[in-house]
Amino acid sequence: MKIEYSVEQRGKWCNVAGELLPDIAPHLAHVATFAVNRGYGADAFWWFVTNIETGRSVRHSTIKTSAIRSAKEFLDTKTPAQCRGRYSVHIKNPPLSLERSHR
């Protein structure tokens with residue numbers, strides 16, 4: 001499924017179009033949502049797997065399948081508590097889509 005969301009790259013926020021990855025980390029499905037997208041600007045040649053709730057990249061590669069595989073391997077080592085902990089770190093700098101909804 002294709003969606004639009006905000007991502008942070010190189011200290012800037014931008015809206016991108018991506019594809020949801022509902023099966024990438026089933027053990028985290030109740031606390032985190034992930035998608036794969038192309039970078040923007042100078043990073044357009046990269047594929048990024050992004051945590052939708054934080055807008056931050058999990059892993060990236062020039063090859064889409066490699067980015068997904070690398071992110072899956074990384075996420076397989078994470079717990080729901082670790083994901084929730086990352087949200088508290090990023091709550092001070094939310095994605096643009098969240099900022100807009102709270103104005």
# chains A, B, ... in the order shown; residues from 1 in each chain; ligands from 1
$ residues_around --residues "segment 9-20 of chain A" --least-positions-apart "6" --cutoff "8 Å" --atoms "only C-alpha atoms" --output "CSV table (one decimal) with C-alpha atoms, in the first residue's frame"
chain,number,residue,atom,x,y,z
A,1,MET,CA,0.0,0.0,0.0
A,2,LYS,CA,1.4,3.4,-1.0
A,3,ILE,CA,1.2,6.3,1.5
A,33,THR,CA,4.9,1.1,11.5
A,34,PHE,CA,7.5,0.9,8.8
A,35,ALA,CA,7.6,1.9,5.1
A,36,VAL,CA,10.2,2.0,2.3
A,37,ASN,CA,10.8,5.2,0.3
A,38,ARG,CA,13.3,6.9,-1.9
A,39,GLY,CA,15.3,9.7,-0.4
A,40,TYR,CA,14.8,13.3,-1.5
A,56,ARG,CA,13.5,8.6,11.1
A,57,SER,CA,15.4,6.1,8.9
A,95,PRO,CA,7.6,14.8,12.0
A,96,LEU,CA,5.9,17.6,10.0
$ select_by_dssp --residues "segment 1-82 of chain A" --states "strand (DSSP E)" --output "number ranges by chain"
A: 2-9, 12-20, 34-38, 47-51, 56-61
$ select_by_dssp --residues "chain A" --states "helix (DSSP H, G or I)" --output "ChimeraX atom specification"
/A:26-28,41-43,64-75,80-90,96-101
$ write_last_selection --atoms "N, CA and C atoms" --output "mmCIF file, in the first residue's frame"
data_model
loop_
_atom_site.group_PDB
_atom_site.id
_atom_site.type_symbol
_atom_site.label_atom_id
_atom_site.label_comp_id
_atom_site.auth_asym_id
_atom_site.auth_seq_id
_atom_site.Cartn_x
_atom_site.Cartn_y
_atom_site.Cartn_z
ATOM 1 N N PRO A 26 6.867 -8.295 12.554
ATOM 2 C CA PRO A 26 5.572 -8.643 13.151
ATOM 3 C C PRO A 26 5.540 -8.487 14.674
ATOM 4 N N HIS A 27 6.657 -8.723 15.334
ATOM 5 C CA HIS A 27 6.705 -8.612 16.788
ATOM 6 C C HIS A 27 6.618 -7.157 17.265
ATOM 7 N N LEU A 28 6.749 -6.195 16.354
ATOM 8 C CA LEU A 28 6.651 -4.771 16.691
ATOM 9 C C LEU A 28 5.376 -4.133 16.131
ATOM 10 N N GLY A 41 15.939 14.983 -2.683
ATOM 11 C CA GLY A 41 17.070 15.867 -2.956
ATOM 12 C C GLY A 41 18.320 15.081 -3.316
ATOM 13 N N ALA A 42 19.419 15.409 -2.665
ATOM 14 C CA ALA A 42 20.701 14.759 -2.935
ATOM 15 C C ALA A 42 20.695 13.278 -2.575
ATOM 16 N N ASP A 43 19.717 12.842 -1.794
ATOM 17 C CA ASP A 43 19.647 11.445 -1.364
ATOM 18 C C ASP A 43 18.658 10.614 -2.171
ATOM 19 N N LYS A 64 16.636 -1.360 -3.175
ATOM 20 C CA LYS A 64 15.435 -1.439 -2.336
ATOM 21 C C LYS A 64 15.402 -2.725 -1.505
ATOM 22 N N THR A 65 15.620 -3.869 -2.121
ATOM 23 C CA THR A 65 15.551 -5.132 -1.385
ATOM 24 C C THR A 65 16.634 -5.221 -0.311
ATOM 25 N N SER A 66 17.781 -4.633 -0.568
ATOM 26 C CA SER A 66 18.865 -4.623 0.430
ATOM 27 C C SER A 66 18.496 -3.758 1.625
ATOM 28 N N ALA A 67 17.872 -2.618 1.372
ATOM 29 C CA ALA A 67 17.441 -1.746 2.472
ATOM 30 C C ALA A 67 16.413 -2.464 3.339
ATOM 31 N N ILE A 68 15.474 -3.148 2.708
ATOM 32 C CA ILE A 68 14.439 -3.875 3.453
ATOM 33 C C ILE A 68 15.057 -5.025 4.243
ATOM 34 N N ARG A 69 15.932 -5.791 3.618
ATOM 35 C CA ARG A 69 16.568 -6.919 4.296
ATOM 36 C C ARG A 69 17.405 -6.448 5.490
ATOM 37 N N SER A 70 18.180 -5.391 5.293
ATOM 38 C CA SER A 70 19.005 -4.861 6.376
ATOM 39 C C SER A 70 18.143 -4.347 7.530
ATOM 40 N N ALA A 71 17.053 -3.661 7.193
ATOM 41 C CA ALA A 71 16.152 -3.150 8.230
ATOM 42 C C ALA A 71 15.501 -4.299 8.982
ATOM 43 N N LYS A 72 15.089 -5.344 8.271
ATOM 44 C CA LYS A 72 14.467 -6.500 8.923
ATOM 45 C C LYS A 72 15.440 -7.137 9.910
ATOM 46 N N GLU A 73 16.693 -7.343 9.482
ATOM 47 C CA GLU A 73 17.699 -7.924 10.375
ATOM 48 C C GLU A 73 17.887 -7.059 11.621
ATOM 49 N N PHE A 74 17.931 -5.754 11.439
ATOM 50 C CA PHE A 74 18.085 -4.827 12.560
ATOM 51 C C PHE A 74 16.861 -4.875 13.474
ATOM 52 N N LEU A 75 15.670 -4.804 12.885
ATOM 53 C CA LEU A 75 14.439 -4.779 13.679
ATOM 54 C C LEU A 75 14.183 -6.093 14.403
ATOM 55 N N PRO A 80 9.517 -4.274 21.708
ATOM 56 C CA PRO A 80 8.530 -3.193 21.779
ATOM 57 C C PRO A 80 8.947 -2.081 22.748
ATOM 58 N N ALA A 81 9.544 -2.440 23.862
ATOM 59 C CA ALA A 81 9.990 -1.436 24.833
ATOM 60 C C ALA A 81 11.060 -0.523 24.235
ATOM 61 N N GLN A 82 11.946 -1.071 23.446
ATOM 62 C CA GLN A 82 12.971 -0.251 22.796
ATOM 63 C C GLN A 82 12.338 0.719 21.802
ATOM 64 N N CYS A 83 11.336 0.268 21.070
ATOM 65 C CA CYS A 83 10.635 1.167 20.136
ATOM 66 C C CYS A 83 9.954 2.294 20.888
ATOM 67 N N ARG A 84 9.255 1.964 21.957
ATOM 68 C CA ARG A 84 8.588 3.011 22.742
ATOM 69 C C ARG A 84 9.607 3.988 23.311
ATOM 70 N N GLY A 85 10.775 3.510 23.677
ATOM 71 C CA GLY A 85 11.828 4.378 24.178
ATOM 72 C C GLY A 85 12.306 5.367 23.126
ATOM 73 N N ARG A 86 12.381 4.923 21.869
ATOM 74 C CA ARG A 86 12.782 5.819 20.788
ATOM 75 C C ARG A 86 11.755 6.930 20.583
ATOM 76 N N TYR A 87 10.489 6.626 20.802
ATOM 77 C CA TYR A 87 9.453 7.646 20.628
ATOM 78 C C TYR A 87 9.647 8.779 21.627
ATOM 79 N N SER A 88 10.003 8.448 22.859
ATOM 80 C CA SER A 88 10.204 9.505 23.849
ATOM 81 C C SER A 88 11.405 10.371 23.481
ATOM 82 N N VAL A 89 12.417 9.790 22.847
ATOM 83 C CA VAL A 89 13.589 10.552 22.392
ATOM 84 C C VAL A 89 13.188 11.540 21.304
ATOM 85 N N HIS A 90 12.314 11.114 20.392
ATOM 86 C CA HIS A 90 11.959 11.925 19.231
ATOM 87 C C HIS A 90 10.741 12.809 19.442
ATOM 88 N N LEU A 96 6.776 16.498 10.455
ATOM 89 C CA LEU A 96 5.926 17.606 10.022
ATOM 90 C C LEU A 96 4.453 17.246 10.056
ATOM 91 N N SER A 97 4.102 16.027 9.682
ATOM 92 C CA SER A 97 2.696 15.632 9.646
ATOM 93 C C SER A 97 2.092 15.689 11.041
ATOM 94 N N LEU A 98 2.858 15.358 12.066
ATOM 95 C CA LEU A 98 2.359 15.429 13.434
ATOM 96 C C LEU A 98 2.248 16.876 13.897
ATOM 97 N N GLU A 99 3.227 17.716 13.527
ATOM 98 C CA GLU A 99 3.188 19.123 13.899
ATOM 99 C C GLU A 99 1.948 19.787 13.327
ATOM 100 N N ARG A 100 1.636 19.483 12.074
ATOM 101 C CA ARG A 100 0.470 20.083 11.431
ATOM 102 C C ARG A 100 -0.825 19.679 12.131
ATOM 103 N N SER A 101 -0.911 18.444 12.582
ATOM 104 C CA SER A 101 -2.150 17.964 13.185
ATOM 105 C C SER A 101 -2.360 18.543 14.582
#
$ atom_distance --atom1 "atom CA of Thr62 of chain A" --atom2 "atom CA of Trp47 of chain A"
5.7 Å
